$ cat data-v4.tsv   # TSV, N, CA, C and O atoms and all ligand atoms
chain	number	residue	atom	x	y	z
K	1	MET	N	0.84	-1.20	0.00
K	1	MET	CA	0.00	0.00	0.00
K	1	MET	C	0.88	1.25	0.00
K	1	MET	O	1.95	1.28	0.58
K	2	LYS	N	0.39	2.29	-0.67
K	2	LYS	CA	1.11	3.55	-0.71
K	2	LYS	C	0.19	4.65	-0.19
K	2	LYS	O	-1.03	4.47	-0.11
K	3	TRP	N	0.80	5.81	0.13
K	3	TRP	CA	0.00	6.91	0.66
K	3	TRP	C	-1.14	7.28	-0.28
K	3	TRP	O	-2.21	7.70	0.15
K	4	ILE	N	-0.91	7.15	-1.58
K	4	ILE	CA	-1.96	7.49	-2.54
K	4	ILE	C	-3.20	6.62	-2.32
K	4	ILE	O	-4.33	7.06	-2.49
K	5	ASP	N	-2.98	5.38	-1.89
K	5	ASP	CA	-4.11	4.50	-1.58
K	5	ASP	C	-4.85	4.99	-0.34
K	5	ASP	O	-6.06	4.83	-0.23
K	6	ASN	N	-4.09	5.57	0.60
K	6	ASN	CA	-4.73	6.12	1.80
K	6	ASN	C	-5.62	7.32	1.44
K	6	ASN	O	-6.65	7.54	2.06
K	7	LEU	N	-5.19	8.06	0.42
K	7	LEU	CA	-6.02	9.19	-0.03
K	7	LEU	C	-7.35	8.68	-0.57
K	7	LEU	O	-8.40	9.25	-0.30
K	8	VAL	N	-7.30	7.60	-1.32
K	8	VAL	CA	-8.52	7.00	-1.85
K	8	VAL	C	-9.39	6.52	-0.70
K	8	VAL	O	-10.60	6.77	-0.66
K	9	GLU	N	-8.75	5.87	0.27
K	9	GLU	CA	-9.49	5.36	1.43
K	9	GLU	C	-10.14	6.51	2.20
K	9	GLU	O	-11.30	6.42	2.62
K	10	LEU	N	-9.38	7.59	2.37
K	10	LEU	CA	-9.91	8.75	3.08
K	10	LEU	C	-11.14	9.32	2.36
K	10	LEU	O	-12.14	9.65	2.99
K	11	THR	N	-11.04	9.41	1.05
K	11	THR	CA	-12.15	9.94	0.26
K	11	THR	C	-13.38	9.05	0.39
K	11	THR	O	-14.50	9.52	0.48
K	12	GLU	N	-13.16	7.74	0.43
K	12	GLU	CA	-14.28	6.81	0.46
K	12	GLU	C	-14.84	6.57	1.85
K	12	GLU	O	-16.03	6.35	2.02
K	13	THR	N	-13.97	6.58	2.86
K	13	THR	CA	-14.41	6.17	4.20
K	13	THR	C	-14.26	7.26	5.25
K	13	THR	O	-14.79	7.12	6.35
K	14	GLY	N	-13.50	8.32	4.94
K	14	GLY	CA	-13.27	9.37	5.94
K	14	GLY	C	-12.17	9.01	6.91
K	14	GLY	O	-11.91	9.75	7.86
K	15	LYS	N	-11.49	7.88	6.68
K	15	LYS	CA	-10.38	7.48	7.55
K	15	LYS	C	-9.13	7.26	6.73
K	15	LYS	O	-9.20	6.78	5.59
K	16	VAL	N	-7.98	7.57	7.31
K	16	VAL	CA	-6.72	7.43	6.57
K	16	VAL	C	-6.34	5.96	6.44
K	16	VAL	O	-5.80	5.53	5.42
K	17	GLY	N	-6.62	5.17	7.46
K	17	GLY	CA	-6.29	3.75	7.40
K	17	GLY	C	-4.86	3.46	7.79
K	17	GLY	O	-4.21	4.24	8.48
K	18	LYS	N	-4.35	2.35	7.29
K	18	LYS	CA	-3.07	1.82	7.72
K	18	LYS	C	-1.89	2.56	7.09
K	18	LYS	O	-1.90	2.81	5.88
K	19	CYS	N	-0.91	2.88	7.89
K	19	CYS	CA	0.30	3.53	7.38
K	19	CYS	C	1.03	2.62	6.40
K	19	CYS	O	1.29	1.46	6.72
K	20	PRO	N	1.35	3.14	5.20
K	20	PRO	CA	2.05	2.31	4.21
K	20	PRO	C	3.51	2.05	4.59
K	20	PRO	O	4.16	1.19	4.00
K	21	CYS	N	4.03	2.80	5.55
K	21	CYS	CA	5.44	2.66	5.93
K	21	CYS	C	5.62	1.63	7.04
K	21	CYS	O	6.51	0.79	6.96
K	22	CYS	N	4.80	1.70	8.09
K	22	CYS	CA	5.02	0.83	9.24
K	22	CYS	C	3.82	-0.04	9.60
K	22	CYS	O	3.91	-0.89	10.46
K	23	GLY	N	2.67	0.19	8.94
K	23	GLY	CA	1.50	-0.65	9.19
K	23	GLY	C	0.65	-0.21	10.36
K	23	GLY	O	-0.34	-0.86	10.68
K	24	SER	N	1.01	0.90	11.02
K	24	SER	CA	0.23	1.39	12.15
K	24	SER	C	-1.08	2.02	11.69
K	24	SER	O	-1.17	2.56	10.58
K	25	TYR	N	-2.11	1.93	12.53
K	25	TYR	CA	-3.37	2.61	12.24
K	25	TYR	C	-3.45	3.95	12.96
K	25	TYR	O	-4.48	4.61	12.94
K	26	ASP	N	-2.35	4.34	13.60
K	26	ASP	CA	-2.31	5.64	14.30
K	26	ASP	C	-1.97	6.73	13.29
K	26	ASP	O	-0.89	7.32	13.31
K	27	THR	N	-2.91	6.97	12.38
K	27	THR	CA	-2.69	7.92	11.29
K	27	THR	C	-3.68	9.07	11.40
K	27	THR	O	-4.73	8.93	12.02
K	28	SER	N	-3.33	10.17	10.78
K	28	SER	CA	-4.22	11.33	10.82
K	28	SER	C	-4.06	12.13	9.54
K	28	SER	O	-3.23	11.80	8.69
K	29	TYR	N	-4.85	13.18	9.39
K	29	TYR	CA	-4.75	14.01	8.20
K	29	TYR	C	-5.21	15.42	8.50
K	29	TYR	O	-5.89	15.68	9.49
K	30	SER	N	-4.83	16.31	7.61
K	30	SER	CA	-5.33	17.67	7.67
K	30	SER	C	-5.63	18.13	6.26
K	30	SER	O	-4.80	17.99	5.35
K	31	ALA	N	-6.84	18.63	6.05
K	31	ALA	CA	-7.23	19.14	4.73
K	31	ALA	C	-7.33	20.66	4.80
K	31	ALA	O	-7.84	21.20	5.76
K	32	ASN	N	-6.80	21.32	3.81
K	32	ASN	CA	-6.80	22.78	3.80
K	32	ASN	C	-7.26	23.30	2.45
K	32	ASN	O	-6.61	23.06	1.44
K	33	LYS	N	-8.39	23.99	2.45
K	33	LYS	CA	-8.88	24.58	1.21
K	33	LYS	C	-8.05	25.80	0.84
K	33	LYS	O	-7.74	26.63	1.69
K	34	ILE	N	-7.69	25.87	-0.42
K	34	ILE	CA	-6.91	27.01	-0.89
K	34	ILE	C	-7.71	27.82	-1.90
K	34	ILE	O	-7.77	29.04	-1.83
K	35	SER	N	-8.35	27.14	-2.83
K	35	SER	CA	-9.11	27.82	-3.86
K	35	SER	C	-10.41	27.07	-4.09
K	35	SER	O	-10.39	25.93	-4.55
K	36	GLY	N	-11.54	27.68	-3.74
K	36	GLY	CA	-12.83	27.01	-3.89
K	36	GLY	C	-12.85	25.74	-3.06
K	36	GLY	O	-12.52	25.76	-1.88
K	37	ASP	N	-13.22	24.63	-3.69
K	37	ASP	CA	-13.27	23.35	-2.99
K	37	ASP	C	-11.95	22.60	-3.07
K	37	ASP	O	-11.84	21.48	-2.61
K	38	PHE	N	-10.94	23.23	-3.68
K	38	PHE	CA	-9.68	22.53	-3.86
K	38	PHE	C	-8.60	23.04	-2.92
K	38	PHE	O	-8.61	24.21	-2.52
K	39	GLY	N	-7.70	22.15	-2.60
K	39	GLY	CA	-6.62	22.53	-1.70
K	39	GLY	C	-5.67	21.37	-1.53
K	39	GLY	O	-5.56	20.53	-2.42
K	40	HIS	N	-4.98	21.31	-0.42
K	40	HIS	CA	-4.10	20.18	-0.23
K	40	HIS	C	-4.46	19.39	1.03
K	40	HIS	O	-5.09	19.89	1.95
K	41	ILE	N	-4.08	18.13	0.99
K	41	ILE	CA	-4.35	17.21	2.09
K	41	ILE	C	-3.01	16.63	2.53
K	41	ILE	O	-2.25	16.12	1.72
K	42	VAL	N	-2.73	16.76	3.81
K	42	VAL	CA	-1.53	16.15	4.38
K	42	VAL	C	-1.95	14.94	5.20
K	42	VAL	O	-2.85	15.03	6.03
K	43	LEU	N	-1.34	13.81	4.89
K	43	LEU	CA	-1.57	12.58	5.64
K	43	LEU	C	-0.32	12.30	6.44
K	43	LEU	O	0.78	12.59	5.99
K	44	TRP	N	-0.45	11.74	7.62
K	44	TRP	CA	0.75	11.34	8.34
K	44	TRP	C	0.46	10.21	9.31
K	44	TRP	O	-0.68	9.91	9.63
K	45	CYS	N	1.56	9.61	9.75
K	45	CYS	CA	1.52	8.51	10.70
K	45	CYS	C	2.14	8.98	12.01
K	45	CYS	O	3.26	9.50	12.00
K	46	ASN	N	1.41	8.83	13.11
K	46	ASN	CA	1.93	9.26	14.41
K	46	ASN	C	2.97	8.30	14.96
K	46	ASN	O	3.70	8.64	15.88
K	47	ASN	N	3.01	7.12	14.40
K	47	ASN	CA	3.94	6.11	14.91
K	47	ASN	C	5.34	6.26	14.30
K	47	ASN	O	6.32	6.41	15.03
K	48	CYS	N	5.44	6.26	12.95
K	48	CYS	CA	6.77	6.32	12.33
K	48	CYS	C	7.11	7.71	11.81
K	48	CYS	O	8.21	7.94	11.32
K	49	LYS	N	6.16	8.66	11.93
K	49	LYS	CA	6.38	10.07	11.59
K	49	LYS	C	6.59	10.34	10.10
K	49	LYS	O	7.10	11.38	9.72
K	50	ASN	N	6.20	9.38	9.26
K	50	ASN	CA	6.24	9.64	7.83
K	50	ASN	C	4.92	10.27	7.42
K	50	ASN	O	3.88	10.05	8.04
K	51	GLY	N	4.99	11.07	6.34
K	51	GLY	CA	3.77	11.72	5.89
K	51	GLY	C	3.78	11.93	4.40
K	51	GLY	O	4.74	11.59	3.70
K	52	TYR	N	2.68	12.46	3.92
K	52	TYR	CA	2.49	12.65	2.48
K	52	TYR	C	1.66	13.90	2.26
K	52	TYR	O	0.67	14.12	2.95
K	53	ASN	N	2.10	14.72	1.34
K	53	ASN	CA	1.41	15.97	1.05
K	53	ASN	C	0.84	15.91	-0.37
K	53	ASN	O	1.60	15.83	-1.33
K	54	ALA	N	-0.48	15.91	-0.49
K	54	ALA	CA	-1.12	15.84	-1.80
K	54	ALA	C	-1.74	17.19	-2.12
K	54	ALA	O	-2.54	17.71	-1.36
K	55	SER	N	-1.34	17.77	-3.24
K	55	SER	CA	-1.88	19.07	-3.62
K	55	SER	C	-2.95	18.91	-4.70
K	55	SER	O	-3.09	17.85	-5.30
K	56	ARG	N	-3.69	19.97	-4.90
K	56	ARG	CA	-4.77	20.01	-5.88
K	56	ARG	C	-5.77	18.88	-5.69
K	56	ARG	O	-6.11	18.17	-6.62
K	57	MET	N	-6.19	18.71	-4.46
K	57	MET	CA	-7.20	17.72	-4.15
K	57	MET	C	-8.54	18.41	-3.95
K	57	MET	O	-8.59	19.54	-3.47
K	58	LYS	N	-9.62	17.71	-4.30
K	58	LYS	CA	-10.95	18.23	-3.96
K	58	LYS	C	-11.18	17.95	-2.48
K	58	LYS	O	-10.98	16.83	-2.02
K	59	ILE	N	-11.52	18.99	-1.73
K	59	ILE	CA	-11.72	18.85	-0.30
K	59	ILE	C	-13.21	18.65	-0.02
K	59	ILE	O	-14.01	19.57	-0.20
K	60	ASN	N	-13.56	17.45	0.38
K	60	ASN	CA	-14.97	17.18	0.73
K	60	ASN	C	-15.37	17.98	1.96
K	60	ASN	O	-14.55	18.22	2.85
K	61	ASP	N	-16.63	18.37	2.01
K	61	ASP	CA	-17.11	19.13	3.16
K	61	ASP	C	-17.02	18.34	4.46
K	61	ASP	O	-16.97	18.92	5.54
K	62	SER	N	-17.00	17.03	4.35
K	62	SER	CA	-16.95	16.20	5.56
K	62	SER	C	-15.54	16.10	6.14
K	62	SER	O	-15.35	15.59	7.24
K	63	PHE	N	-14.54	16.56	5.40
K	63	PHE	CA	-13.16	16.44	5.89
K	63	PHE	C	-12.89	17.40	7.04
K	63	PHE	O	-13.38	18.52	7.07
K	64	LYS	N	-12.08	16.93	7.97
K	64	LYS	CA	-11.58	17.82	9.02
K	64	LYS	C	-10.59	18.76	8.36
K	64	LYS	O	-9.73	18.33	7.59
K	65	THR	N	-10.70	20.04	8.68
K	65	THR	CA	-9.76	20.98	8.06
K	65	THR	C	-8.88	21.63	9.10
K	65	THR	O	-9.24	21.76	10.27
K	66	ASN	N	-7.70	22.02	8.62
K	66	ASN	CA	-6.76	22.79	9.43
K	66	ASN	C	-6.40	22.13	10.76
K	66	ASN	O	-6.20	22.80	11.77
K	67	THR	N	-6.32	20.81	10.74
K	67	THR	CA	-5.81	20.10	11.91
K	67	THR	C	-4.34	20.43	12.05
K	67	THR	O	-3.61	20.42	11.06
K	68	PRO	N	-3.86	20.76	13.25
K	68	PRO	CA	-2.44	21.03	13.39
K	68	PRO	C	-1.60	19.80	13.00
K	68	PRO	O	-1.91	18.70	13.44
K	69	ILE	N	-0.59	20.04	12.19
K	69	ILE	CA	0.29	18.96	11.76
K	69	ILE	C	1.49	18.93	12.69
K	69	ILE	O	2.14	19.95	12.89
K	70	PRO	N	1.78	17.77	13.30
K	70	PRO	CA	2.96	17.72	14.17
K	70	PRO	C	4.21	18.14	13.42
K	70	PRO	O	4.38	17.81	12.24
K	71	ASN	N	5.08	18.90	14.05
K	71	ASN	CA	6.22	19.46	13.32
K	71	ASN	C	7.39	18.49	13.15
K	71	ASN	O	8.42	18.84	12.59
K	72	ASN	N	7.23	17.27	13.64
K	72	ASN	CA	8.33	16.29	13.45
K	72	ASN	C	7.99	15.25	12.38
K	72	ASN	O	8.60	14.20	12.30
K	73	ILE	N	7.02	15.57	11.53
K	73	ILE	CA	6.64	14.65	10.46
K	73	ILE	C	7.52	14.93	9.23
K	73	ILE	O	7.72	16.06	8.86
K	74	SER	N	8.03	13.87	8.64
K	74	SER	CA	8.81	14.08	7.40
K	74	SER	C	7.91	13.84	6.19
K	74	SER	O	7.42	12.75	5.98
K	75	LEU	N	7.71	14.92	5.43
K	75	LEU	CA	6.83	14.86	4.27
K	75	LEU	C	7.65	14.63	3.00
K	75	LEU	O	8.78	15.06	2.92
K	101	ZN	ZN	3.91	4.65	10.04
$ encode --input "data-v4.tsv" --output "structure tokens"
Amino acid sequence: MKWIDNLVELTETGKVGKCPCCGSYDTSYSANKISGDFGHIVLWCNNCKNGYNASRMKINDSFKTNTPIPNNISL
């Protein structure tokens, strides 16, 4: 599994799911609208501190927005 699959999972289920790096389910995300309904989504794992930044994503209204991103995540 790759982070891009987590994006699909998030879109379909509202949950990030399993970390593609370490397999932990201790994952989170932050969605930020920049222009209209589009913006970027940052996914990360609280266990191994890896993350993924996806730009130009459609931000669903159900997404949590502007969640603080831990500053020790490597994107
Ligand atoms: Zn991980």
$ residues_near_ligand --input "data-v4.tsv" --ligand "ligand ZN 101 (chain K)" --cutoff "10 Å" --atoms "only C-alpha atoms and all ligand atoms" --output "PDB file with N, CA, C and O atoms, in the frame of the given file"
ATOM      1  N   LYS K  18      -4.350   2.350   7.290  1.00  0.00           N
ATOM      2  CA  LYS K  18      -3.070   1.820   7.720  1.00  0.00           C
ATOM      3  C   LYS K  18      -1.890   2.560   7.090  1.00  0.00           C
ATOM      4  O   LYS K  18      -1.900   2.810   5.880  1.00  0.00           O
ATOM      5  N   CYS K  19      -0.910   2.880   7.890  1.00  0.00           N
ATOM      6  CA  CYS K  19       0.300   3.530   7.380  1.00  0.00           C
ATOM      7  C   CYS K  19       1.030   2.620   6.400  1.00  0.00           C
ATOM      8  O   CYS K  19       1.290   1.460   6.720  1.00  0.00           O
ATOM      9  N   PRO K  20       1.350   3.140   5.200  1.00  0.00           N
ATOM     10  CA  PRO K  20       2.050   2.310   4.210  1.00  0.00           C
ATOM     11  C   PRO K  20       3.510   2.050   4.590  1.00  0.00           C
ATOM     12  O   PRO K  20       4.160   1.190   4.000  1.00  0.00           O
ATOM     13  N   CYS K  21       4.030   2.800   5.550  1.00  0.00           N
ATOM     14  CA  CYS K  21       5.440   2.660   5.930  1.00  0.00           C
ATOM     15  C   CYS K  21       5.620   1.630   7.040  1.00  0.00           C
ATOM     16  O   CYS K  21       6.510   0.790   6.960  1.00  0.00           O
ATOM     17  N   CYS K  22       4.800   1.700   8.090  1.00  0.00           N
ATOM     18  CA  CYS K  22       5.020   0.830   9.240  1.00  0.00           C
ATOM     19  C   CYS K  22       3.820  -0.040   9.600  1.00  0.00           C
ATOM     20  O   CYS K  22       3.910  -0.890  10.460  1.00  0.00           O
ATOM     21  N   GLY K  23       2.670   0.190   8.940  1.00  0.00           N
ATOM     22  CA  GLY K  23       1.500  -0.650   9.190  1.00  0.00           C
ATOM     23  C   GLY K  23       0.650  -0.210  10.360  1.00  0.00           C
ATOM     24  O   GLY K  23      -0.340  -0.860  10.680  1.00  0.00           O
ATOM     25  N   SER K  24       1.010   0.900  11.020  1.00  0.00           N
ATOM     26  CA  SER K  24       0.230   1.390  12.150  1.00  0.00           C
ATOM     27  C   SER K  24      -1.080   2.020  11.690  1.00  0.00           C
ATOM     28  O   SER K  24      -1.170   2.560  10.580  1.00  0.00           O
ATOM     29  N   TYR K  25      -2.110   1.930  12.530  1.00  0.00           N
ATOM     30  CA  TYR K  25      -3.370   2.610  12.240  1.00  0.00           C
ATOM     31  C   TYR K  25      -3.450   3.950  12.960  1.00  0.00           C
ATOM     32  O   TYR K  25      -4.480   4.610  12.940  1.00  0.00           O
ATOM     33  N   ASP K  26      -2.350   4.340  13.600  1.00  0.00           N
ATOM     34  CA  ASP K  26      -2.310   5.640  14.300  1.00  0.00           C
ATOM     35  C   ASP K  26      -1.970   6.730  13.290  1.00  0.00           C
ATOM     36  O   ASP K  26      -0.890   7.320  13.310  1.00  0.00           O
ATOM     37  N   THR K  27      -2.910   6.970  12.380  1.00  0.00           N
ATOM     38  CA  THR K  27      -2.690   7.920  11.290  1.00  0.00           C
ATOM     39  C   THR K  27      -3.680   9.070  11.400  1.00  0.00           C
ATOM     40  O   THR K  27      -4.730   8.930  12.020  1.00  0.00           O
ATOM     41  N   TRP K  44      -0.450  11.740   7.620  1.00  0.00           N
ATOM     42  CA  TRP K  44       0.750  11.340   8.340  1.00  0.00           C
ATOM     43  C   TRP K  44       0.460  10.210   9.310  1.00  0.00           C
ATOM     44  O   TRP K  44      -0.680   9.910   9.630  1.00  0.00           O
ATOM     45  N   CYS K  45       1.560   9.610   9.750  1.00  0.00           N
ATOM     46  CA  CYS K  45       1.520   8.510  10.700  1.00  0.00           C
ATOM     47  C   CYS K  45       2.140   8.980  12.010  1.00  0.00           C
ATOM     48  O   CYS K  45       3.260   9.500  12.000  1.00  0.00           O
ATOM     49  N   ASN K  46       1.410   8.830  13.110  1.00  0.00           N
ATOM     50  CA  ASN K  46       1.930   9.260  14.410  1.00  0.00           C
ATOM     51  C   ASN K  46       2.970   8.300  14.960  1.00  0.00           C
ATOM     52  O   ASN K  46       3.700   8.640  15.880  1.00  0.00           O
ATOM     53  N   ASN K  47       3.010   7.120  14.400  1.00  0.00           N
ATOM     54  CA  ASN K  47       3.940   6.110  14.910  1.00  0.00           C
ATOM     55  C   ASN K  47       5.340   6.260  14.300  1.00  0.00           C
ATOM     56  O   ASN K  47       6.320   6.410  15.030  1.00  0.00           O
ATOM     57  N   CYS K  48       5.440   6.260  12.950  1.00  0.00           N
ATOM     58  CA  CYS K  48       6.770   6.320  12.330  1.00  0.00           C
ATOM     59  C   CYS K  48       7.110   7.710  11.810  1.00  0.00           C
ATOM     60  O   CYS K  48       8.210   7.940  11.320  1.00  0.00           O
ATOM     61  N   LYS K  49       6.160   8.660  11.930  1.00  0.00           N
ATOM     62  CA  LYS K  49       6.380  10.070  11.590  1.00  0.00           C
ATOM     63  C   LYS K  49       6.590  10.340  10.100  1.00  0.00           C
ATOM     64  O   LYS K  49       7.100  11.380   9.720  1.00  0.00           O
ATOM     65  N   ASN K  50       6.200   9.380   9.260  1.00  0.00           N
ATOM     66  CA  ASN K  50       6.240   9.640   7.830  1.00  0.00           C
ATOM     67  C   ASN K  50       4.920  10.270   7.420  1.00  0.00           C
ATOM     68  O   ASN K  50       3.880  10.050   8.040  1.00  0.00           O
ATOM     69  N   GLY K  51       4.990  11.070   6.340  1.00  0.00           N
ATOM     70  CA  GLY K  51       3.770  11.720   5.890  1.00  0.00           C
ATOM     71  C   GLY K  51       3.780  11.930   4.400  1.00  0.00           C
ATOM     72  O   GLY K  51       4.740  11.590   3.700  1.00  0.00           O
TER      73      GLY K  51
END
$ residues_around --input "data-v4.tsv" --residues "region 53-62 of chain K" --least-positions-apart "6" --cutoff "7 Å" --atoms "only C-alpha atoms" --output "list in words"
Ala31, Lys33, Asp37, Phe38, Gly39, His40, Ile41, Val42, Leu43 and Leu75 of chain K
$ write_last_selection --input "data-v4.tsv" --atoms "N, CA, C and O atoms" --output "mmCIF file, in the coordinates of the input"
data_model
loop_
_atom_site.group_PDB
_atom_site.id
_atom_site.type_symbol
_atom_site.label_atom_id
_atom_site.label_comp_id
_atom_site.auth_asym_id
_atom_site.auth_seq_id
_atom_site.Cartn_x
_atom_site.Cartn_y
_atom_site.Cartn_z
ATOM 1 N N ALA K 31 -6.840 18.630 6.050
ATOM 2 C CA ALA K 31 -7.230 19.140 4.730
ATOM 3 C C ALA K 31 -7.330 20.660 4.800
ATOM 4 O O ALA K 31 -7.840 21.200 5.760
ATOM 5 N N LYS K 33 -8.390 23.990 2.450
ATOM 6 C CA LYS K 33 -8.880 24.580 1.210
ATOM 7 C C LYS K 33 -8.050 25.800 0.840
ATOM 8 O O LYS K 33 -7.740 26.630 1.690
ATOM 9 N N ASP K 37 -13.220 24.630 -3.690
ATOM 10 C CA ASP K 37 -13.270 23.350 -2.990
ATOM 11 C C ASP K 37 -11.950 22.600 -3.070
ATOM 12 O O ASP K 37 -11.840 21.480 -2.610
ATOM 13 N N PHE K 38 -10.940 23.230 -3.680
ATOM 14 C CA PHE K 38 -9.680 22.530 -3.860
ATOM 15 C C PHE K 38 -8.600 23.040 -2.920
ATOM 16 O O PHE K 38 -8.610 24.210 -2.520
ATOM 17 N N GLY K 39 -7.700 22.150 -2.600
ATOM 18 C CA GLY K 39 -6.620 22.530 -1.700
ATOM 19 C C GLY K 39 -5.670 21.370 -1.530
ATOM 20 O O GLY K 39 -5.560 20.530 -2.420
ATOM 21 N N HIS K 40 -4.980 21.310 -0.420
ATOM 22 C CA HIS K 40 -4.100 20.180 -0.230
ATOM 23 C C HIS K 40 -4.460 19.390 1.030
ATOM 24 O O HIS K 40 -5.090 19.890 1.950
ATOM 25 N N ILE K 41 -4.080 18.130 0.990
ATOM 26 C CA ILE K 41 -4.350 17.210 2.090
ATOM 27 C C ILE K 41 -3.010 16.630 2.530
ATOM 28 O O ILE K 41 -2.250 16.120 1.720
ATOM 29 N N VAL K 42 -2.730 16.760 3.810
ATOM 30 C CA VAL K 42 -1.530 16.150 4.380
ATOM 31 C C VAL K 42 -1.950 14.940 5.200
ATOM 32 O O VAL K 42 -2.850 15.030 6.030
ATOM 33 N N LEU K 43 -1.340 13.810 4.890
ATOM 34 C CA LEU K 43 -1.570 12.580 5.640
ATOM 35 C C LEU K 43 -0.320 12.300 6.440
ATOM 36 O O LEU K 43 0.780 12.590 5.990
ATOM 37 N N LEU K 75 7.710 14.920 5.430
ATOM 38 C CA LEU K 75 6.830 14.860 4.270
ATOM 39 C C LEU K 75 7.650 14.630 3.000
ATOM 40 O O LEU K 75 8.780 15.060 2.920
#
$ select_by_dssp --input "data-v4.tsv" --residues "chain K" --states "alpha helix (DSSP H)" --output "PyMOL selection string"
chain K and resi 3-13
$ atom_distance --input "data-v4.tsv" --atom1 "atom O of Ser35 (chain K)" --atom2 "atom N of Met1 (chain K)"
29.7 Å
$ closest_residue --input "data-v4.tsv" --among "K:Tyr52, K:Tyr29, K:Ile34, K:Asn71" --to "Gly14 (chain K)" --atoms "only N, CA, C and O atoms"
K:Tyr29
$ atom_distance --input "data-v4.tsv" --atom1 "CA of Lys15 (chain K)" --atom2 "CA of Phe63 (chain K)"
9.5 Å
$ closest_residue --input "data-v4.tsv" --among "K:Thr11, K:Val16, K:Ser30, K:Trp3" --to "Pro70 (chain K)" --atoms "only C-alpha atoms"
K:Ser30
$ atom_distance --input "data-v4.tsv" --atom1 "atom O of Asn72 (chain K)" --atom2 "atom N of Gly36 (chain K)"
29.1 Å
$ closest_residue --input "data-v4.tsv" --among "K:Val8, K:Thr13, K:Lys2, K:Asn32" --to "Thr65 (chain K)" --atoms "only N, CA, C and O atoms"
K:Asn32
$ axis_aligned_box --input "data-v4.tsv" --around "region 6-22 of chain K" --padding-each-side "6 Å" --output "JSON"
{"center_x": -4.8, "center_y": 4.5, "center_z": 4.3, "size_x": 34.5, "size_y": 22.8, "size_z": 24.3}
$ decode --input "data-v4.tsv" --residues "region 32-43 of chain K" --atoms "N, CA, C and O atoms" --output "short mmCIF file (atom, residue, chain, number, x, y, z; two decimals), in the first residue's frame"
data_model
loop_
_atom_site.label_atom_id
_atom_site.label_comp_id
_atom_site.auth_asym_id
_atom_site.auth_seq_id
_atom_site.Cartn_x
_atom_site.Cartn_y
_atom_site.Cartn_z
N ASN K 32 -6.80 21.32 3.81
CA ASN K 32 -6.80 22.78 3.80
C ASN K 32 -7.26 23.30 2.45
O ASN K 32 -6.61 23.06 1.44
N LYS K 33 -8.39 23.99 2.45
CA LYS K 33 -8.88 24.58 1.21
C LYS K 33 -8.05 25.80 0.84
O LYS K 33 -7.74 26.63 1.69
N ILE K 34 -7.69 25.87 -0.42
CA ILE K 34 -6.91 27.01 -0.89
C ILE K 34 -7.71 27.82 -1.90
O ILE K 34 -7.77 29.04 -1.83
N SER K 35 -8.35 27.14 -2.83
CA SER K 35 -9.11 27.82 -3.86
C SER K 35 -10.41 27.07 -4.09
O SER K 35 -10.39 25.93 -4.55
N GLY K 36 -11.54 27.68 -3.74
CA GLY K 36 -12.83 27.01 -3.89
C GLY K 36 -12.85 25.74 -3.06
O GLY K 36 -12.52 25.76 -1.88
N ASP K 37 -13.22 24.63 -3.69
CA ASP K 37 -13.27 23.35 -2.99
C ASP K 37 -11.95 22.60 -3.07
O ASP K 37 -11.84 21.48 -2.61
N PHE K 38 -10.94 23.23 -3.68
CA PHE K 38 -9.68 22.53 -3.86
C PHE K 38 -8.60 23.04 -2.92
O PHE K 38 -8.61 24.21 -2.52
N GLY K 39 -7.70 22.15 -2.60
CA GLY K 39 -6.62 22.53 -1.70
C GLY K 39 -5.67 21.37 -1.53
O GLY K 39 -5.56 20.53 -2.42
N HIS K 40 -4.98 21.31 -0.42
CA HIS K 40 -4.10 20.18 -0.23
C HIS K 40 -4.46 19.39 1.03
O HIS K 40 -5.09 19.89 1.95
N ILE K 41 -4.08 18.13 0.99
CA ILE K 41 -4.35 17.21 2.09
C ILE K 41 -3.01 16.63 2.53
O ILE K 41 -2.25 16.12 1.72
N VAL K 42 -2.73 16.76 3.81
CA VAL K 42 -1.53 16.15 4.38
C VAL K 42 -1.95 14.94 5.20
O VAL K 42 -2.85 15.03 6.03
N LEU K 43 -1.34 13.81 4.89
CA LEU K 43 -1.57 12.58 5.64
C LEU K 43 -0.32 12.30 6.44
O LEU K 43 0.78 12.59 5.99
#
